[in-house]
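Data from protein_20.tsv: TSV, C-alpha atoms and all ligand atoms
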chain	number	residue	atom	x	y	z
A	1	MET	CA	-10.76	17.51	8.09
A	2	GLY	CA	-9.26	17.58	4.58
A	3	GLU	CA	-10.94	17.90	1.25
A	4	HIS	CA	-12.80	14.85	-0.10
A	5	ILE	CA	-11.76	13.82	-3.59
A	6	ILE	CA	-14.20	10.88	-3.77
A	7	GLU	CA	-17.75	10.88	-2.43
A	8	VAL	CA	-19.78	7.70	-2.77
A	9	SER	CA	-23.42	7.86	-1.81
A	10	SER	CA	-25.93	4.99	-1.49
A	11	LEU	CA	-24.31	3.04	-4.31
A	12	VAL	CA	-26.02	-0.17	-5.42
A	13	LYS	CA	-25.08	-2.85	-7.95
A	14	ARG	CA	-27.24	-5.89	-8.67
A	15	PHE	CA	-26.52	-8.92	-10.79
A	16	GLY	CA	-30.01	-10.31	-11.34
A	17	ASP	CA	-31.47	-10.83	-7.87
A	18	PHE	CA	-28.07	-10.79	-6.24
A	19	ILE	CA	-26.94	-7.51	-4.64
A	20	ALA	CA	-23.16	-7.27	-5.01
A	21	VAL	CA	-22.87	-3.69	-3.68
A	22	ASP	CA	-25.59	-2.82	-1.21
A	23	ASN	CA	-26.21	0.85	-0.44
A	24	VAL	CA	-22.58	1.80	0.07
A	25	SER	CA	-21.57	5.32	1.14
A	26	PHE	CA	-18.16	6.66	2.10
A	27	SER	CA	-15.74	9.43	1.25
A	28	VAL	CA	-12.02	9.52	0.58
A	29	GLU	CA	-9.79	12.37	1.64
A	30	LYS	CA	-7.55	13.91	-0.99
A	31	GLY	CA	-3.98	12.59	-0.79
A	32	SER	CA	-4.86	9.74	1.54
A	33	LEU	CA	-4.04	6.08	1.32
A	34	PHE	CA	-7.42	4.42	1.54
A	35	GLY	CA	-7.85	0.67	2.08
A	36	LEU	CA	-10.85	-1.29	0.87
A	37	LEU	CA	-10.97	-4.61	2.67
A	38	GLY	CA	-13.21	-7.64	2.71
A	39	ALA	CA	-13.26	-11.37	2.04
A	40	ASN	CA	-13.58	-12.92	-1.42
A	41	GLY	CA	-16.86	-11.90	-3.00
A	42	ALA	CA	-17.40	-8.96	-0.61
A	43	GLY	CA	-17.93	-6.64	-3.59
A	44	LYS	CA	-14.61	-4.75	-3.71
A	45	THR	CA	-13.85	-5.16	-7.41
A	46	THR	CA	-17.44	-4.38	-8.38
A	47	LEU	CA	-17.28	-1.20	-6.29
A	48	ILE	CA	-13.94	-0.11	-7.79
A	49	ARG	CA	-15.20	-0.69	-11.32
A	50	MET	CA	-18.13	1.64	-10.64
A	51	LEU	CA	-15.84	4.28	-9.11
A	52	CYS	CA	-13.67	4.15	-12.24
A	53	GLY	CA	-16.67	4.62	-14.53
A	54	LEU	CA	-16.20	1.14	-16.00
A	55	MET	CA	-19.50	-0.28	-14.78
A	56	ALA	CA	-22.95	1.26	-14.50
A	57	ALA	CA	-24.62	1.39	-11.08
A	58	ASP	CA	-28.25	0.57	-10.31
A	59	ALA	CA	-28.62	3.40	-7.81
A	60	GLY	CA	-26.59	5.99	-5.94
A	61	SER	CA	-23.92	8.45	-6.95
A	62	VAL	CA	-20.16	8.76	-7.20
A	63	SER	CA	-18.30	12.02	-7.40
A	64	LEU	CA	-14.58	12.06	-8.16
A	65	ALA	CA	-12.67	15.34	-8.30
A	66	GLY	CA	-16.05	17.03	-8.68
A	67	ILE	CA	-17.08	14.87	-11.66
A	68	ASP	CA	-20.29	12.85	-11.53
A	69	VAL	CA	-18.73	9.52	-12.52
A	70	LEU	CA	-21.94	7.65	-13.24
A	71	LYS	CA	-23.19	10.37	-15.59
A	72	ASN	CA	-19.85	11.26	-17.19
A	73	PRO	CA	-17.69	8.14	-17.05
A	74	GLU	CA	-15.46	9.27	-19.91
A	75	GLU	CA	-14.53	12.49	-18.19
A	76	VAL	CA	-13.09	10.71	-15.21
A	77	LYS	CA	-10.79	8.37	-17.08
A	78	MET	CA	-7.85	10.76	-17.57
A	79	ARG	CA	-7.83	11.62	-13.88
A	80	ILE	CA	-7.52	8.08	-12.64
A	81	GLY	CA	-5.15	5.16	-12.93
A	82	TYR	CA	-6.52	1.65	-12.55
A	83	MET	CA	-4.49	-1.46	-11.89
A	84	SER	CA	-7.04	-4.23	-12.24
A	85	GLN	CA	-7.08	-7.35	-10.12
A	86	ARG	CA	-5.57	-9.55	-12.79
A	87	PHE	CA	-3.68	-6.72	-14.40
A	88	SER	CA	-2.87	-7.27	-18.03
A	89	LEU	CA	0.54	-6.34	-19.29
A	90	TYR	CA	1.43	-7.46	-22.80
A	91	ARG	CA	3.70	-10.41	-22.14
A	92	ASP	CA	5.20	-10.31	-25.60
A	93	LEU	CA	6.14	-6.65	-25.34
A	94	THR	CA	9.15	-5.39	-23.40
A	95	ALA	CA	8.83	-3.36	-20.20
A	96	ASP	CA	9.58	-0.20	-22.19
A	97	GLU	CA	7.03	-1.06	-24.90
A	98	ASN	CA	4.32	-1.78	-22.34
A	99	LEU	CA	4.92	1.59	-20.74
A	100	GLU	CA	4.87	3.30	-24.14
A	101	PHE	CA	1.61	1.56	-25.03
A	102	PHE	CA	-0.26	2.26	-21.79
A	103	GLY	CA	1.18	5.76	-21.55
A	104	GLY	CA	-0.10	6.38	-25.09
A	105	LEU	CA	-3.58	5.19	-24.13
A	106	TYR	CA	-3.68	7.64	-21.27
A	107	GLY	CA	-2.04	10.42	-23.28
A	108	ALA	CA	0.90	10.58	-20.87
A	109	ARG	CA	3.50	13.11	-22.04
A	110	ASP	CA	6.27	11.61	-19.95
A	111	THR	CA	6.16	8.30	-21.82
A	112	GLU	CA	6.48	9.76	-25.31
A	113	GLY	CA	10.28	9.71	-25.33
A	114	ALA	CA	12.64	6.89	-24.35
A	115	ALA	CA	14.34	9.10	-21.74
A	116	GLY	CA	11.04	9.79	-19.95
A	117	ARG	CA	10.13	6.12	-19.95
A	118	SER	CA	13.53	5.15	-18.69
A	119	ARG	CA	13.16	7.61	-15.81
A	120	ILE	CA	9.74	6.17	-14.89
A	121	LEU	CA	10.99	2.57	-15.08
A	122	ASP	CA	13.94	3.59	-12.93
A	123	SER	CA	11.58	5.09	-10.34
A	124	VAL	CA	9.83	1.73	-9.88
A	125	GLY	CA	13.08	-0.25	-9.71
A	126	LEU	CA	13.18	-1.54	-13.29
A	127	ALA	CA	16.42	0.13	-14.38
A	128	GLY	CA	18.27	-2.18	-16.77
A	129	MET	CA	15.11	-4.20	-17.51
A	130	GLU	CA	13.73	-1.85	-20.17
A	131	ASN	CA	14.20	-4.43	-22.91
A	132	THR	CA	13.06	-7.51	-20.99
A	133	LEU	CA	9.78	-9.03	-22.16
A	134	ALA	CA	7.04	-8.46	-19.57
A	135	GLY	CA	6.32	-12.20	-19.70
A	136	ASP	CA	9.87	-12.90	-18.52
A	137	LEU	CA	9.75	-10.56	-15.51
A	138	PRO	CA	9.34	-12.15	-12.06
A	139	GLY	CA	5.90	-11.57	-10.41
A	140	GLY	CA	6.94	-8.83	-8.01
A	141	ILE	CA	8.71	-6.86	-10.74
A	142	SER	CA	5.91	-7.16	-13.28
A	143	GLN	CA	3.55	-5.78	-10.62
A	144	ARG	CA	5.76	-2.71	-10.33
A	145	LEU	CA	5.71	-2.36	-14.12
A	146	ALA	CA	1.90	-2.55	-14.04
A	147	LEU	CA	1.91	0.20	-11.42
A	148	ALA	CA	4.16	2.37	-13.62
A	149	CYS	CA	1.76	1.81	-16.55
A	150	ALA	CA	-1.26	2.76	-14.42
A	151	MET	CA	0.27	6.01	-13.18
A	152	SER	CA	2.39	7.27	-16.06
A	153	HIS	CA	-0.10	10.10	-16.71
A	154	ASN	CA	0.10	11.30	-13.07
A	155	PRO	CA	-3.54	10.60	-12.20
A	156	ALA	CA	-5.15	12.33	-9.25
A	157	VAL	CA	-6.49	9.00	-7.99
A	158	LEU	CA	-4.89	5.57	-8.31
A	159	PHE	CA	-7.11	2.49	-7.93
A	160	LEU	CA	-5.14	-0.65	-7.14
A	161	ASP	CA	-7.15	-3.87	-6.92
A	162	GLU	CA	-5.13	-6.45	-4.96
A	163	PRO	CA	-1.85	-5.27	-6.42
A	164	THR	CA	0.28	-7.51	-4.21
A	165	ALA	CA	-1.68	-10.77	-4.39
A	166	GLY	CA	0.64	-13.75	-4.58
A	167	VAL	CA	3.82	-11.70	-4.28
A	168	ASP	CA	6.67	-12.47	-1.87
A	169	PRO	CA	7.00	-10.33	1.29
A	170	VAL	CA	10.07	-8.40	0.12
A	171	SER	CA	8.38	-7.42	-3.15
A	172	ARG	CA	5.21	-6.51	-1.28
A	173	ARG	CA	7.21	-4.20	0.93
A	174	ARG	CA	8.86	-2.53	-2.06
A	175	PHE	CA	5.51	-2.11	-3.74
A	176	TRP	CA	4.11	-0.42	-0.64
A	177	ASP	CA	7.12	1.90	-0.46
A	178	LEU	CA	6.20	3.03	-3.97
A	179	ILE	CA	2.56	3.51	-3.03
A	180	HIS	CA	3.61	5.58	-0.03
A	181	GLU	CA	5.81	7.77	-2.21
A	182	ARG	CA	2.89	8.46	-4.54
A	183	ALA	CA	0.60	9.30	-1.64
A	184	GLU	CA	3.22	11.65	-0.19
A	185	GLU	CA	3.40	13.41	-3.55
A	186	GLY	CA	-0.35	14.07	-3.26
A	187	THR	CA	-1.88	11.22	-5.27
A	188	THR	CA	-4.92	9.66	-3.62
A	189	VAL	CA	-4.55	5.88	-3.55
A	190	LEU	CA	-7.45	3.48	-3.08
A	191	VAL	CA	-6.19	-0.05	-2.65
A	192	THR	CA	-7.73	-3.43	-1.91
A	193	THR	CA	-5.79	-6.16	-0.18
A	194	HIS	CA	-6.28	-9.40	1.69
A	195	TYR	CA	-3.12	-8.80	3.70
A	196	LEU	CA	-4.13	-7.11	6.93
A	197	ASP	CA	-0.56	-6.10	7.72
A	198	GLU	CA	-0.80	-3.93	4.60
A	199	ALA	CA	-4.07	-2.42	5.78
A	200	GLU	CA	-2.15	-1.06	8.78
A	201	TYR	CA	-0.30	1.28	6.37
A	202	CYS	CA	-3.57	2.95	5.28
A	203	ASN	CA	-4.85	6.25	6.71
A	204	ASP	CA	-8.43	5.09	6.43
A	205	ILE	CA	-10.09	1.75	5.90
A	206	VAL	CA	-13.50	0.50	5.02
A	207	LEU	CA	-14.39	-3.12	5.65
A	208	MET	CA	-16.95	-4.67	3.29
A	209	HIS	CA	-18.95	-7.78	4.02
A	210	SER	CA	-21.56	-9.21	1.65
A	211	GLY	CA	-21.74	-5.99	-0.34
A	212	ARG	CA	-22.09	-3.69	2.65
A	213	ILE	CA	-19.73	-1.53	4.65
A	214	VAL	CA	-19.61	-2.94	8.16
A	215	ALA	CA	-16.86	-0.72	9.59
A	216	ASP	CA	-14.76	2.28	8.72
A	217	GLY	CA	-12.09	4.42	10.31
A	218	GLY	CA	-8.33	4.65	10.83
A	219	PRO	CA	-6.55	1.40	11.83
A	220	ASP	CA	-5.60	2.54	15.36
A	221	GLU	CA	-8.83	4.33	16.03
A	222	MET	CA	-10.78	1.23	14.96
A	223	LYS	CA	-8.77	-0.95	17.32
A	224	ARG	CA	-9.52	1.36	20.23
A	225	ARG	CA	-13.19	1.59	19.35
A	226	ILE	CA	-13.89	-2.08	18.64
A	227	ILE	CA	-11.55	-3.79	21.08
A	228	SER	CA	-12.23	-2.32	24.50
A	229	GLY	CA	-10.64	-4.95	26.76
A	230	PRO	CA	-7.12	-6.41	26.73
A	231	VAL	CA	-6.14	-9.12	24.24
A	232	PHE	CA	-3.98	-12.15	25.11
A	233	GLU	CA	-2.34	-14.71	22.90
A	234	ILE	CA	-2.26	-18.33	24.06
A	235	SER	CA	0.15	-20.66	22.30
A	236	GLY	CA	1.60	-24.13	22.84
A	237	SER	CA	0.01	-27.57	22.73
A	238	GLY	CA	-2.60	-26.72	25.40
A	239	ALA	CA	-4.03	-23.83	23.34
A	240	SER	CA	-6.47	-25.88	21.28
A	241	PHE	CA	-7.88	-27.55	24.41
A	242	LEU	CA	-8.39	-24.14	26.02
A	243	GLU	CA	-10.13	-22.86	22.92
A	244	SER	CA	-12.64	-25.69	23.26
A	245	VAL	CA	-13.59	-24.70	26.83
A	246	LEU	CA	-13.57	-20.88	26.60
A	247	GLU	CA	-17.08	-20.59	25.27
A	248	ASP	CA	-18.77	-20.83	28.66
A	249	GLU	CA	-16.49	-18.30	30.37
A	250	SER	CA	-18.33	-15.04	30.87
A	251	TRP	CA	-15.09	-13.04	31.41
A	252	VAL	CA	-13.98	-13.97	27.87
A	253	ILE	CA	-15.59	-11.48	25.49
A	254	GLU	CA	-14.19	-12.95	22.30
A	255	PHE	CA	-11.82	-15.71	21.26
A	256	SER	CA	-10.55	-16.80	17.90
A	257	LEU	CA	-8.00	-19.13	16.39
A	258	PHE	CA	-4.89	-17.58	14.80
A	259	GLY	CA	-2.88	-20.39	13.20
A	260	ASP	CA	-1.77	-22.57	16.11
A	261	SER	CA	-2.52	-19.97	18.76
A	262	VAL	CA	-5.70	-18.53	20.26
A	263	HIS	CA	-6.41	-14.84	20.84
A	264	ILE	CA	-8.76	-13.94	23.65
A	265	GLN	CA	-10.23	-10.60	24.52
A	266	THR	CA	-11.26	-10.31	28.15
A	267	GLU	CA	-13.25	-7.91	30.25
A	268	GLU	CA	-11.62	-4.55	30.77
A	269	GLY	CA	-9.05	-4.28	33.52
A	270	MET	CA	-8.01	-7.96	33.59
A	271	GLY	CA	-4.26	-8.52	33.90
A	272	LEU	CA	-1.96	-11.25	32.68
A	273	ILE	CA	-1.61	-12.97	36.05
A	274	ASP	CA	-5.34	-13.12	36.65
A	275	VAL	CA	-6.06	-14.46	33.16
A	276	LYS	CA	-3.26	-17.02	33.40
A	277	SER	CA	-4.50	-18.40	36.72
A	278	ARG	CA	-8.04	-18.75	35.38
A	279	LEU	CA	-6.72	-20.57	32.32
A	280	LEU	CA	-4.59	-22.90	34.45
A	281	THR	CA	-7.71	-23.87	36.38
A	282	LEU	CA	-9.63	-24.47	33.16
A	283	ALA	CA	-6.79	-26.37	31.49
A	284	GLY	CA	-6.89	-29.43	33.78
A	285	ASN	CA	-4.21	-31.77	32.47
A	286	ASN	CA	-3.43	-29.52	29.50
A	287	GLN	CA	-1.07	-27.15	31.29
A	288	ASP	CA	1.37	-26.84	28.42
A	289	PHE	CA	0.63	-23.34	27.11
A	290	GLU	CA	2.17	-19.88	27.04
A	291	ILE	CA	0.26	-16.66	27.40
A	292	GLU	CA	1.18	-13.08	26.61
A	293	HIS	CA	-0.55	-9.72	26.52
A	294	ILE	CA	-0.61	-8.43	22.91
A	295	THR	CA	-1.64	-5.34	21.00
A	296	PRO	CA	-4.73	-6.29	18.98
A	297	SER	CA	-4.19	-6.64	15.25
A	298	LEU	CA	-6.62	-5.56	12.56
A	299	GLU	CA	-7.43	-9.23	12.20
A	300	ASP	CA	-8.74	-9.24	15.79
A	301	VAL	CA	-10.81	-6.18	14.96
A	302	PHE	CA	-12.26	-7.56	11.74
A	303	LEU	CA	-13.06	-11.00	13.13
A	304	ARG	CA	-14.93	-9.26	15.91
A	305	ILE	CA	-16.87	-7.02	13.54
A	306	ILE	CA	-17.78	-9.78	11.13
A	307	ASP	CA	-18.81	-12.04	13.97
A	308	GLN	CA	-21.13	-9.36	15.33
A	309	SER	CA	-22.43	-8.38	11.94
A	310	GLU	CA	-23.34	-12.00	11.15
A	311	SER	CA	-25.00	-12.60	14.50
A	312	GLU	CA	-26.98	-9.37	14.34
A	313	GLY	CA	-27.69	-9.61	10.64
A	314	GLU	CA	-26.83	-5.97	10.17
A	315	ALA	CA	-23.98	-3.52	10.18
A	316	VAL	CA	-22.53	-2.90	13.63
A	317	ILE	CA	-21.16	0.57	13.06
B	401	LIG	N1	-20.54	-9.88	-13.78
B	401	LIG	C1	-21.05	-10.52	-12.72
B	401	LIG	N2	-22.19	-11.23	-12.81
B	401	LIG	C2	-22.72	-11.86	-11.74
B	401	LIG	N3	-22.18	-11.83	-10.50
B	401	LIG	C3	-21.04	-11.14	-10.35
B	401	LIG	C4	-20.41	-10.45	-11.43
B	401	LIG	N4	-19.29	-9.84	-10.97
B	401	LIG	C5	-19.22	-10.14	-9.67
B	401	LIG	N5	-20.26	-10.91	-9.29
B	401	LIG	C6	-20.54	-11.41	-7.93
B	401	LIG	O1	-20.58	-10.29	-7.07
B	401	LIG	C7	-19.94	-10.59	-5.83
B	401	LIG	C8	-18.86	-9.59	-5.55
B	401	LIG	O2	-17.80	-9.83	-6.45
B	401	LIG	P1	-16.47	-8.97	-6.45
B	401	LIG	O3	-15.60	-9.51	-7.55
B	401	LIG	O4	-16.81	-7.54	-6.49
B	401	LIG	O5	-15.86	-9.32	-5.02
B	401	LIG	P2	-14.41	-9.00	-4.43
B	401	LIG	O6	-14.63	-8.42	-3.09
B	401	LIG	O7	-13.62	-8.23	-5.41
B	401	LIG	O8	-13.80	-10.47	-4.25
B	401	LIG	P3	-12.27	-10.97	-4.38
B	401	LIG	O9	-11.61	-10.64	-3.08
B	401	LIG	O10	-12.39	-12.43	-4.60
B	401	LIG	O11	-11.65	-10.26	-5.55
B	401	LIG	C9	-19.45	-12.03	-5.93
B	401	LIG	O12	-20.41	-12.87	-5.32
B	401	LIG	C10	-19.40	-12.27	-7.41
B	401	LIG	O13	-19.62	-13.63	-7.71
B	402	MG	MG	-11.89	-8.51	-6.36
Is it possible to express this structure as structure tokens?
Amino acid sequence: MGEHIIEVSSLVKRFGDFIAVDNVSFSVEKGSLFGLLGANGAGKTTLIRMLCGLMAADAGSVSLAGIDVLKNPEEVKMRIGYMSQRFSLYRDLTADENLEFFGGLYGARDTEGAAGRSRILDSVGLAGMENTLAGDLPGGISQRLALACAMSHNPAVLFLDEPTAGVDPVSRRRFWDLIHERAEEGTTVLVTTHYLDEAEYCNDIVLMHSGRIVADGGPDEMKRRIISGPVFEISGSGASFLESVLEDESWVIEFSLFGDSVHIQTEEGMGLIDVKSRLLTLAGNNQDFEIEHITPSLEDVFLRIIDQSESEGEAVI
């Protein structure tokens, strides 16, 4: 067990009668890549803003690098970098000027001279774009510039709130390569994303739902813990018919729609041939489907957790 750089304990945030963050506790290991996941409105941004000392909490505590963030919000600011959800670069300043401005705000030595800034821009793949206006940079590249601006002072913890939203897959990949590099150099990175393939890159994850943490753990460990039986994917034109008749089958533990296909989790020990023959019997005239045994994705895990949490009205883990 490594050292914890962030400790969050019983944190609460209310907006009037509405509880946006509801008694949240978790800790983040130093140097880890930590994923904060949850649907729109789950409370991720509100939580991050409290961890960064930008928003007061109604109850609970946050400690970051030994600092009590809620009592001493100013003290924490030099130790963190924050890339907000709709990050704000100055569109009418060049890439170099943005970095100089944000670096100056954070008191970053490395951005004082042009050579230092050029080296940083180079490290995030912006070589040759120093003098391009931020407003003229394509989405994926401006996101990398925003990352450079948030980390130019080498913060101990980087908070990235949906840094890859709306970015093409190649740019997302490049962005994650950069995040990985930072984590390998010892920076702790706390990131929110709606892309579950990205969550697979994290060492630890917490899943939020309606302001509460409903699951936490490492991606693989969570899959093993939550999904006990095998998972099969059914595709083809017969899949939607099968989905409509699976509900009454006691051997089907869980089923959910994934695009045009259906994922089913069955009782432990069931094999492909057995499942296929049961489905063929159920399908009647709708025999046009394919089935394969798959490794469960985090999406399978989260759908399962949220389903259970909604039906039980409380956290499942
Ligand atoms: N300043 C505010 N006043 C009132 N309600 C707020 C305020 N900020 C957030 N909320 C509400 O708190 C809830 C959590 O919002 P938050 O922005 O933290 O969610 P999120 O998980 O970041 O969502 P998204 O994935 O859409 O960014 C939402 O229902 C939101 O409407
Ligand atoms: Mg948000």
How would you write as a compact mmCIF listing (two decimals) with C-alpha atoms, keeping the file's coordinate frame the residues that get within 6 Å of (0.9, 2.9, -17.7) in the file's frame, counting all atoms listed in the file?
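Output below, filename result.txt:
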# COMPACT_ATOMS: atom_id res chain seq x y z
CA LEU A 99 4.92 1.59 -20.74
CA PHE A 102 -0.26 2.26 -21.79
CA GLY A 103 1.18 5.76 -21.55
CA ALA A 148 4.16 2.37 -13.62
CA CYS A 149 1.76 1.81 -16.55
CA ALA A 150 -1.26 2.76 -14.42
CA MET A 151 0.27 6.01 -13.18
CA SER A 152 2.39 7.27 -16.06
Who sits within 9 Å of Glu162 in chain A, all atoms listed in the file, same chain under 6 positions skipped, as JSON, numbers by chain: {"A": [83, 84, 85, 86, 191, 192, 193, 194]}
With all atoms listed in the file as the atoms that count, which of A:Val252, A:Val189, A:Val21, A:Val214 lies nearest to ligand LIG 401 (chain B)? A:Val21
Residue neighbourhood Pro296 in chain A, 9 Å, all atoms listed in the file, exclusion window fewer than 6 positions, as a short mmCIF file (atom, residue, chain, number, x, y, z; two decimals) with C-alpha atoms, keeping the file's coordinate frame:
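Listing of out-v1.cif after writing:
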data_model
loop_
_atom_site.label_atom_id
_atom_site.label_comp_id
_atom_site.auth_asym_id
_atom_site.auth_seq_id
_atom_site.Cartn_x
_atom_site.Cartn_y
_atom_site.Cartn_z
CA LYS A 223 -8.77 -0.95 17.32
CA ILE A 227 -11.55 -3.79 21.08
CA PRO A 230 -7.12 -6.41 26.73
CA VAL A 231 -6.14 -9.12 24.24
CA PHE A 232 -3.98 -12.15 25.11
CA HIS A 263 -6.41 -14.84 20.84
CA GLN A 265 -10.23 -10.60 24.52
#
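Closest to ligand MG 402 (chain B) among A:Ala165, A:Ile306, A:Val275, A:Val76 is A:Ala165, based on all atoms listed in the file.
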With all atoms listed in the file as the atoms that count, which of A:Val157, A:Ile253, A:Leu11, A:Leu37 lies nearest to ligand LIG 401 (chain B)?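 Using all atoms listed in the file, the shortest distance to ligand LIG 401 (chain B) belongs to A:Leu37.
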